[in-house]
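See below for entry_4.cif, which holds mmCIF, C-alpha atoms and all ligand atoms.
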data_query
#
loop_
_atom_site.group_PDB
_atom_site.id
_atom_site.type_symbol
_atom_site.label_atom_id
_atom_site.label_comp_id
_atom_site.auth_asym_id
_atom_site.auth_seq_id
_atom_site.Cartn_x
_atom_site.Cartn_y
_atom_site.Cartn_z
ATOM 1 C CA MET A 135 154.614 63.760 159.165
ATOM 2 C CA LEU A 136 151.081 63.570 157.837
ATOM 3 C CA ILE A 137 151.044 61.016 155.007
ATOM 4 C CA ASP A 138 148.171 59.867 152.823
ATOM 5 C CA THR A 139 149.352 56.298 152.201
ATOM 6 C CA HIS A 140 146.578 55.550 149.691
ATOM 7 C CA CYS A 141 145.130 58.071 147.260
ATOM 8 C CA HIS A 142 143.953 57.504 143.673
ATOM 9 C CA LEU A 143 144.966 61.001 142.675
ATOM 10 C CA ASP A 144 145.053 60.005 138.996
ATOM 11 C CA ALA A 145 141.297 59.233 139.060
ATOM 12 C CA VAL A 146 139.070 61.022 136.575
ATOM 13 C CA GLU A 147 137.237 62.718 139.481
ATOM 14 C CA PHE A 148 140.319 64.919 139.943
ATOM 15 C CA LEU A 149 140.600 65.899 136.296
ATOM 16 C CA PRO A 150 139.096 69.395 136.634
ATOM 17 C CA ASP A 151 141.186 70.646 139.574
ATOM 18 C CA ARG A 152 143.980 68.201 140.465
ATOM 19 C CA GLU A 153 146.564 70.932 141.113
ATOM 20 C CA THR A 154 144.231 72.710 143.521
ATOM 21 C CA VAL A 155 143.566 69.422 145.311
ATOM 22 C CA ILE A 156 147.325 68.908 145.761
ATOM 23 C CA GLU A 157 147.736 72.509 146.992
ATOM 24 C CA ARG A 158 144.923 72.060 149.497
ATOM 25 C CA ALA A 159 146.603 68.885 150.797
ATOM 26 C CA GLY A 160 149.870 70.801 151.215
ATOM 27 C CA ARG A 161 148.098 73.593 153.109
ATOM 28 C CA ALA A 162 146.466 70.952 155.343
ATOM 29 C CA GLY A 163 149.957 69.745 156.294
ATOM 30 C CA VAL A 164 150.095 66.597 154.172
ATOM 31 C CA GLY A 165 153.768 65.855 153.473
ATOM 32 C CA ALA A 166 153.451 62.869 151.149
ATOM 33 C CA ILE A 167 150.794 61.186 149.016
ATOM 34 C CA VAL A 168 151.118 57.596 147.781
ATOM 35 C CA ILE A 169 149.296 56.922 144.499
ATOM 36 C CA PRO A 170 148.753 53.203 143.826
ATOM 37 C CA ALA A 171 148.229 51.944 140.289
ATOM 38 C CA VAL A 172 145.251 49.723 139.497
ATOM 39 C CA GLU A 173 145.948 48.395 136.005
ATOM 40 C CA ARG A 174 148.581 48.359 133.297
ATOM 41 C CA ALA A 175 146.893 51.305 131.594
ATOM 42 C CA ASN A 176 147.574 53.684 134.497
ATOM 43 C CA PHE A 177 151.177 52.701 135.364
ATOM 44 C CA GLY A 178 152.487 55.642 133.315
ATOM 45 C CA ALA A 179 149.905 58.052 134.736
ATOM 46 C CA VAL A 180 150.681 57.366 138.400
ATOM 47 C CA ALA A 181 154.437 57.604 137.822
ATOM 48 C CA HIS A 182 154.070 60.851 135.902
ATOM 49 C CA LEU A 183 151.672 62.353 138.435
ATOM 50 C CA ALA A 184 153.858 61.404 141.418
ATOM 51 C CA ALA A 185 156.838 63.094 139.762
ATOM 52 C CA SER A 186 154.837 66.277 139.165
ATOM 53 C CA PHE A 187 154.873 67.482 142.793
ATOM 54 C CA ALA A 188 157.186 67.214 145.778
ATOM 55 C CA GLY A 189 155.830 64.562 148.123
ATOM 56 C CA GLY A 190 154.321 62.465 145.322
ATOM 57 C CA TYR A 191 154.990 58.707 145.368
ATOM 58 C CA TYR A 192 153.533 55.759 143.496
ATOM 59 C CA ALA A 193 153.165 51.997 143.525
ATOM 60 C CA LEU A 194 152.679 49.633 140.591
ATOM 61 C CA GLY A 195 150.292 46.699 140.578
ATOM 62 C CA ILE A 196 147.125 45.108 139.216
ATOM 63 C CA HIS A 197 144.056 45.689 141.412
ATOM 64 C CA PRO A 198 141.675 42.737 141.934
ATOM 65 C CA ILE A 199 138.878 44.727 140.290
ATOM 66 C CA ALA A 200 141.059 45.024 137.167
ATOM 67 C CA VAL A 201 141.836 41.298 137.101
ATOM 68 C CA PRO A 202 138.845 40.237 134.908
ATOM 69 C CA ASP A 203 140.142 42.369 132.021
ATOM 70 C CA ALA A 204 143.838 41.775 132.690
ATOM 71 C CA GLU A 205 145.936 39.441 130.571
ATOM 72 C CA ASP A 206 148.924 37.433 131.621
ATOM 73 C CA GLU A 207 151.217 39.648 129.584
ATOM 74 C CA ASP A 208 150.138 42.483 131.914
ATOM 75 C CA LEU A 209 151.977 40.620 134.694
ATOM 76 C CA GLU A 210 155.081 40.515 132.505
ATOM 77 C CA PHE A 211 154.665 44.209 131.768
ATOM 78 C CA LEU A 212 154.352 44.840 135.511
ATOM 79 C CA GLU A 213 157.574 42.979 136.153
ATOM 80 C CA GLN A 214 159.414 45.020 133.508
ATOM 81 C CA SER A 215 157.886 48.260 134.803
ATOM 82 C CA VAL A 216 158.900 47.473 138.386
ATOM 83 C CA GLU A 217 162.426 46.635 137.339
ATOM 84 C CA ALA A 218 162.660 49.919 135.441
ATOM 85 C CA ALA A 219 161.150 51.866 138.378
ATOM 86 C CA LEU A 220 163.748 50.680 140.889
ATOM 87 C CA ASP A 221 165.904 53.671 139.941
ATOM 88 C CA ASP A 222 162.997 56.075 140.443
ATOM 89 C CA ASP A 223 162.944 57.500 143.967
ATOM 90 C CA ARG A 224 159.194 58.198 143.678
ATOM 91 C CA PHE A 225 158.472 54.480 143.334
ATOM 92 C CA ILE A 226 157.694 52.825 146.664
ATOM 93 C CA GLY A 227 156.309 49.318 146.093
ATOM 94 C CA ILE A 228 153.768 46.921 144.636
ATOM 95 C CA GLY A 229 150.102 47.941 144.717
ATOM 96 C CA GLU A 230 147.272 47.994 144.655
ATOM 97 C CA ILE A 231 146.957 44.220 144.753
ATOM 98 C CA GLY A 232 144.743 41.863 146.731
ATOM 99 C CA LEU A 233 141.573 39.810 146.726
ATOM 100 C CA ASP A 234 137.976 41.034 146.447
ATOM 101 C CA PHE A 235 135.246 38.487 147.142
ATOM 102 C CA PHE A 236 132.547 41.125 147.552
ATOM 103 C CA VAL A 237 131.934 42.150 143.943
ATOM 104 C CA PRO A 238 129.647 39.427 142.429
ATOM 105 C CA GLU A 239 131.585 39.116 139.156
ATOM 106 C CA LEU A 240 134.804 38.573 141.090
ATOM 107 C CA LYS A 241 133.307 35.852 143.285
ATOM 108 C CA GLN A 242 132.732 33.322 140.489
ATOM 109 C CA PRO A 243 135.032 30.296 140.877
ATOM 110 C CA ALA A 244 137.055 30.953 137.716
ATOM 111 C CA MET A 245 137.520 34.595 138.652
ATOM 112 C CA ARG A 246 138.443 33.750 142.248
ATOM 113 C CA GLU A 247 141.123 31.501 140.858
ATOM 114 C CA LYS A 248 142.397 34.183 138.482
ATOM 115 C CA GLN A 249 142.442 36.756 141.309
ATOM 116 C CA GLU A 250 144.411 34.398 143.538
ATOM 117 C CA ARG A 251 146.911 33.675 140.777
ATOM 118 C CA TYR A 252 147.449 37.407 140.110
ATOM 119 C CA PHE A 253 147.770 38.140 143.824
ATOM 120 C CA SER A 254 150.210 35.315 144.405
ATOM 121 C CA THR A 255 152.343 36.264 141.370
ATOM 122 C CA GLN A 256 152.499 39.900 142.503
ATOM 123 C CA LEU A 257 153.503 38.867 146.034
ATOM 124 C CA GLN A 258 156.322 36.827 144.525
ATOM 125 C CA LEU A 259 157.375 39.885 142.547
ATOM 126 C CA ALA A 260 157.435 41.920 145.775
ATOM 127 C CA ARG A 261 159.636 39.310 147.399
ATOM 128 C CA ARG A 262 161.969 39.128 144.445
ATOM 129 C CA PHE A 263 162.546 42.889 144.420
ATOM 130 C CA ASP A 264 162.308 43.254 148.211
ATOM 131 C CA LEU A 265 159.425 45.730 147.971
ATOM 132 C CA PRO A 266 156.432 46.324 150.255
ATOM 133 C CA VAL A 267 152.862 45.711 149.073
ATOM 134 C CA ILE A 268 149.663 47.735 149.350
ATOM 135 C CA VAL A 269 146.858 45.242 149.756
ATOM 136 C CA HIS A 270 143.133 45.526 149.037
ATOM 137 C CA VAL A 271 141.171 43.119 151.245
ATOM 138 C CA ARG A 272 137.394 42.845 150.824
ATOM 139 C CA ARG A 273 135.499 39.818 152.182
ATOM 140 C CA SER A 274 138.814 38.018 151.869
ATOM 141 C CA GLN A 275 140.670 38.563 155.153
ATOM 142 C CA ASP A 276 141.565 34.931 155.752
ATOM 143 C CA GLU A 277 142.419 34.165 152.121
ATOM 144 C CA VAL A 278 144.749 37.176 151.924
ATOM 145 C CA LEU A 279 146.416 36.082 155.166
ATOM 146 C CA LYS A 280 146.910 32.596 153.732
ATOM 147 C CA TYR A 281 148.883 34.021 150.802
ATOM 148 C CA LEU A 282 150.839 36.425 153.018
ATOM 149 C CA ARG A 283 151.937 33.525 155.229
ATOM 150 C CA ARG A 284 153.410 31.838 152.162
ATOM 151 C CA GLN A 285 155.597 34.926 151.607
ATOM 152 C CA PRO A 286 156.646 35.812 155.164
ATOM 153 C CA ASP A 287 159.377 38.174 153.923
ATOM 154 C CA VAL A 288 156.850 40.421 152.205
ATOM 155 C CA LEU A 289 155.596 43.320 154.348
ATOM 156 C CA GLY A 290 153.122 46.051 153.604
ATOM 157 C CA ILE A 291 149.826 47.748 154.343
ATOM 158 C CA ALA A 292 146.373 46.160 154.615
ATOM 159 C CA HIS A 293 144.541 49.167 153.240
ATOM 160 C CA ALA A 294 141.101 50.297 154.525
ATOM 161 C CA PHE A 295 141.276 47.663 157.209
ATOM 162 C CA ASN A 296 137.879 46.265 158.113
ATOM 163 C CA GLY A 297 138.357 42.942 159.891
ATOM 164 C CA SER A 298 138.138 41.536 163.398
ATOM 165 C CA PHE A 299 140.613 42.057 166.247
ATOM 166 C CA GLN A 300 141.884 38.540 165.684
ATOM 167 C CA GLN A 301 142.481 39.181 161.976
ATOM 168 C CA ALA A 302 144.114 42.531 162.790
ATOM 169 C CA GLN A 303 146.485 40.710 165.129
ATOM 170 C CA GLN A 304 147.320 38.193 162.397
ATOM 171 C CA TYR A 305 148.260 40.994 159.983
ATOM 172 C CA ILE A 306 150.323 42.644 162.707
ATOM 173 C CA ASP A 307 152.057 39.319 163.466
ATOM 174 C CA GLN A 308 152.837 39.126 159.755
ATOM 175 C CA GLY A 309 154.584 42.525 160.054
ATOM 176 C CA PHE A 310 151.848 44.489 158.341
ATOM 177 C CA LYS A 311 150.476 47.952 159.076
ATOM 178 C CA LEU A 312 146.733 48.591 158.903
ATOM 179 C CA GLY A 313 145.359 51.545 156.946
ATOM 180 C CA PHE A 314 142.606 53.664 158.523
ATOM 181 C CA GLY A 315 140.704 56.458 156.792
ATOM 182 C CA GLY A 316 137.236 57.780 156.092
ATOM 183 C CA ALA A 317 135.376 54.678 157.307
ATOM 184 C CA MET A 318 136.675 55.348 160.834
ATOM 185 C CA THR A 319 134.947 58.755 160.947
ATOM 186 C CA TYR A 320 131.379 57.405 161.054
ATOM 187 C CA ASP A 321 129.704 57.024 164.450
ATOM 188 C CA ARG A 322 127.964 53.866 163.249
ATOM 189 C CA ALA A 323 131.259 52.183 162.229
ATOM 190 C CA LEU A 324 131.564 50.687 165.704
ATOM 191 C CA GLN A 325 133.966 47.873 164.897
ATOM 192 C CA ILE A 326 136.399 50.007 162.864
ATOM 193 C CA ARG A 327 136.315 52.685 165.581
ATOM 194 C CA ARG A 328 137.038 50.119 168.284
ATOM 195 C CA LEU A 329 139.998 48.837 166.257
ATOM 196 C CA ALA A 330 141.288 52.375 165.673
ATOM 197 C CA GLU A 331 140.975 53.086 169.391
ATOM 198 C CA ARG A 332 142.629 49.935 170.727
ATOM 199 C CA LEU A 333 145.143 48.574 168.212
ATOM 200 C CA PRO A 334 148.770 49.415 168.959
ATOM 201 C CA LEU A 335 149.509 52.849 167.495
ATOM 202 C CA GLU A 336 152.688 51.495 165.881
ATOM 203 C CA SER A 337 150.544 49.301 163.598
ATOM 204 C CA ILE A 338 148.426 52.120 162.136
ATOM 205 C CA VAL A 339 148.901 54.248 159.016
ATOM 206 C CA LEU A 340 146.525 56.898 157.671
ATOM 207 C CA GLU A 341 144.938 57.061 154.241
ATOM 208 C CA THR A 342 142.040 58.652 152.385
ATOM 209 C CA ASP A 343 141.495 56.235 149.453
ATOM 210 C CA ALA A 344 140.334 59.421 147.690
ATOM 211 C CA PRO A 345 138.221 59.986 145.658
ATOM 212 C CA ASP A 346 136.443 57.096 147.433
ATOM 213 C CA MET A 347 135.617 56.560 151.128
ATOM 214 C CA PRO A 348 134.374 60.098 151.883
ATOM 215 C CA PRO A 349 134.674 60.878 155.592
ATOM 216 C CA ALA A 350 131.534 61.534 157.640
ATOM 217 C CA TRP A 351 131.806 65.336 157.451
ATOM 218 C CA LEU A 352 131.336 65.217 153.641
ATOM 219 C CA GLY A 353 128.390 62.862 153.746
ATOM 220 C CA LYS A 354 124.846 63.792 152.841
ATOM 221 C CA PRO A 355 122.869 60.558 153.140
ATOM 222 C CA GLY A 356 120.851 60.074 149.982
ATOM 223 C CA GLY A 357 122.622 62.899 148.167
ATOM 224 C CA PRO A 358 125.207 62.643 145.412
ATOM 225 C CA ARG A 359 128.327 60.773 146.466
ATOM 226 C CA PRO A 360 130.820 63.375 147.668
ATOM 227 C CA ARG A 361 134.418 63.339 146.448
ATOM 228 C CA ASN A 362 137.092 62.589 149.018
ATOM 229 C CA GLU A 363 140.517 64.257 148.697
ATOM 230 C CA PRO A 364 143.933 63.966 150.371
ATOM 231 C CA ALA A 365 143.567 67.169 152.437
ATOM 232 C CA HIS A 366 141.099 65.250 154.629
ATOM 233 C CA VAL A 367 143.825 63.008 156.023
ATOM 234 C CA GLY A 368 144.562 65.795 158.554
ATOM 235 C CA ARG A 369 141.066 65.704 159.988
ATOM 236 C CA ILE A 370 141.176 61.877 159.882
ATOM 237 C CA ALA A 371 144.284 62.120 162.101
ATOM 238 C CA GLY A 372 142.279 64.402 164.406
ATOM 239 C CA GLU A 373 139.463 61.868 164.611
ATOM 240 C CA LEU A 374 141.923 59.083 165.475
ATOM 241 C CA ALA A 375 143.449 61.317 168.173
ATOM 242 C CA ARG A 376 140.001 61.955 169.634
ATOM 243 C CA LEU A 377 139.138 58.226 169.637
ATOM 244 C CA ARG A 378 142.408 57.363 171.376
ATOM 245 C CA GLY A 379 142.367 60.330 173.742
ATOM 246 C CA VAL A 380 145.784 61.652 172.681
ATOM 247 C CA GLU A 381 147.079 64.798 171.007
ATOM 248 C CA VAL A 382 146.852 64.926 167.229
ATOM 249 C CA ASP A 383 150.589 65.710 167.005
ATOM 250 C CA GLU A 384 151.299 62.333 168.547
ATOM 251 C CA ILE A 385 149.113 60.625 165.933
ATOM 252 C CA ILE A 386 150.770 62.525 163.068
ATOM 253 C CA ALA A 387 154.271 61.701 164.308
ATOM 254 C CA ALA A 388 153.554 58.023 164.984
ATOM 255 C CA THR A 389 151.620 57.278 161.788
ATOM 256 C CA GLY A 390 154.279 59.129 159.754
ATOM 257 C CA ARG A 391 156.996 57.018 161.352
ATOM 258 C CA ASN A 392 154.986 53.872 160.689
ATOM 259 C CA ALA A 393 154.528 54.784 157.027
ATOM 260 C CA HIS A 394 158.252 55.409 156.594
ATOM 261 C CA GLN A 395 159.043 52.129 158.311
ATOM 262 C CA ILE A 396 156.734 50.044 156.136
ATOM 263 C CA LEU A 397 157.444 51.977 152.903
ATOM 264 C CA PRO A 398 161.208 52.467 153.241
ATOM 265 C CA ARG A 399 161.525 54.049 149.804
ATOM 266 C CA LEU A 400 159.460 57.047 150.970
ATOM 267 C CA SER A 401 162.538 59.218 150.932
ATOM 268 C CA VAL A 402 163.123 62.241 153.085
ATOM 269 C CA ARG A 403 164.180 64.186 150.025
ATOM 270 C CA HIS A 404 160.679 65.158 149.004
ATOM 271 C CA VAL A 405 159.207 66.325 152.266
ATOM 272 C CA GLY A 406 156.308 68.711 151.787
ATOM 273 C CA LEU A 407 153.959 69.195 148.871
ATOM 274 C CA SER A 408 155.088 72.702 147.957
HETATM 275 ZN ZN ZN B 501 142.627 51.848 146.424
#
Would you give me this structure, written as structure tokens?
Amino acid sequence: MLIDTHCHLDAVEFLPDRETVIERAGRAGVGAIVIPAVERANFGAVAHLAASFAGGYYALGIHPIAVPDAEDEDLEFLEQSVEAALDDDRFIGIGEIGLDFFVPELKQPAMREKQERYFSTQLQLARRFDLPVIVHVRRSQDEVLKYLRRQPDVLGIAHAFNGSFQQAQQYIDQGFKLGFGGAMTYDRALQIRRLAERLPLESIVLETDAPDMPPAWLGKPGGPRPRNEPAHVGRIAGELARLRGVEVDEIIAATGRNAHQILPRLSVRHVGLS
């Protein structure tokens, strides 16, 4: 099954035509869309949105980019929200969490420390409730791995993977799947394309990260930034098939299986977006 394992469908970019976007994804064969939260303020929105269509799922977590404005009581609120969501079959795990040492504001020592504390606390939460995590990793591959090794029972997805082969292997050894999406569709993205071509297929899941990470076919260099949407995950599967020299059906079946394996709460009850 074609699954978009990472889509910010609640983003303001989708305000004018969200229902049409979901319909287009359904017509493109997308069977499930996972909507990660980014901050306390959108926990309700992602849960509500996921429940509004068959095939909608959500995760709850505090994104590293939201950490500067987050307060410790947000972590308590997250814990309560997760506990309450355990009965909700649209809820699939903890995310989006992680470490971002790319954004200048987030690189300052005090903010690095706060990010690491939030990441570590949320990993502990995942372990306590036996839930997978959706992890944002930017300029922080080794630091994220360090924290994952401290919680070896916690599995999940390293989303928008952009590391080395050695780092990829370390995530795989940790039991993680690696998310591939729009970045893989650019001819100049040599390293990501090599990874997509050569990593074991059983370690790969597909994602759009919409509205971000527009695939190459939307891009107009220098023009306004195009909006990505979940329907594109089908063509992303096609691109991965082309890179690996296999049929797209094989990619769709394998990445769907992988997503179900790593996100066990993705139930079979809500197959299809219609
Ligand atoms: Zn994201």
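With all atoms listed in the file as the atoms that count, the residue of A:Glu341, A:Asp321, A:Asp346, A:Asp221 with the shortest distance to Phe148 (chain A) is A:Asp346.
This file, filtered with the PyMOL selection byres (((not hetatm)) within 9 of (chain B and resi 501)), gives the residues His140, Cys141, His142, Ile169, Pro170, Ala171, Val172, His197, Gly229, Glu230, Ile231, Ile268, Val269, His270, His293, Ala294, Asp343, Ala344 and Asp346 of chain A.
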Evaluating the PyMOL selection byres (((chain A and resi 312) around 7) and not hetatm) on the displayed file yields which residues, as a PDB file with C-alpha atoms, in the frame of the given file?
ATOM      1  CA  ILE A 291     149.826  47.748 154.343  1.00  0.00           C
ATOM      2  CA  ALA A 292     146.373  46.160 154.615  1.00  0.00           C
ATOM      3  CA  HIS A 293     144.541  49.167 153.240  1.00  0.00           C
ATOM      4  CA  PHE A 295     141.276  47.663 157.209  1.00  0.00           C
ATOM      5  CA  PHE A 310     151.848  44.489 158.341  1.00  0.00           C
ATOM      6  CA  LYS A 311     150.476  47.952 159.076  1.00  0.00           C
ATOM      7  CA  GLY A 313     145.359  51.545 156.946  1.00  0.00           C
ATOM      8  CA  PHE A 314     142.606  53.664 158.523  1.00  0.00           C
ATOM      9  CA  SER A 337     150.544  49.301 163.598  1.00  0.00           C
ATOM     10  CA  ILE A 338     148.426  52.120 162.136  1.00  0.00           C
ATOM     11  CA  VAL A 339     148.901  54.248 159.016  1.00  0.00           C
TER      12      VAL A 339
END
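Between CA of Tyr320 (chain A) and CA of Pro349 (chain A) the interatomic distance comes to 7.3 Å.
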Against region 161-167 of chain A, which residues of region 323-366 of chain A fall within 10 Å? For each one I want the closest pair of atoms and the distance in Å (one decimal), counting all atoms listed in the file, rows by chain and increasing residue number, as CSV.
residue,atom,partner,partner_atom,distance
A:Glu341,CA,A:Ile167,CA,8.9
A:Thr342,CA,A:Ile167,CA,9.7
A:Pro364,CA,A:Ile167,CA,7.5
A:Ala365,CA,A:Ala162,CA,5.6
A:His366,CA,A:Ala162,CA,7.9
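Nearest to Met245 (chain A) of all the residues A:Gly315, A:Gly368, A:Ile199, A:Pro266 is A:Ile199, based on only C-alpha atoms.
The spacing separating CA of Arg328 (chain A) from CA of Leu377 (chain A) amounts to 8.5 Å.
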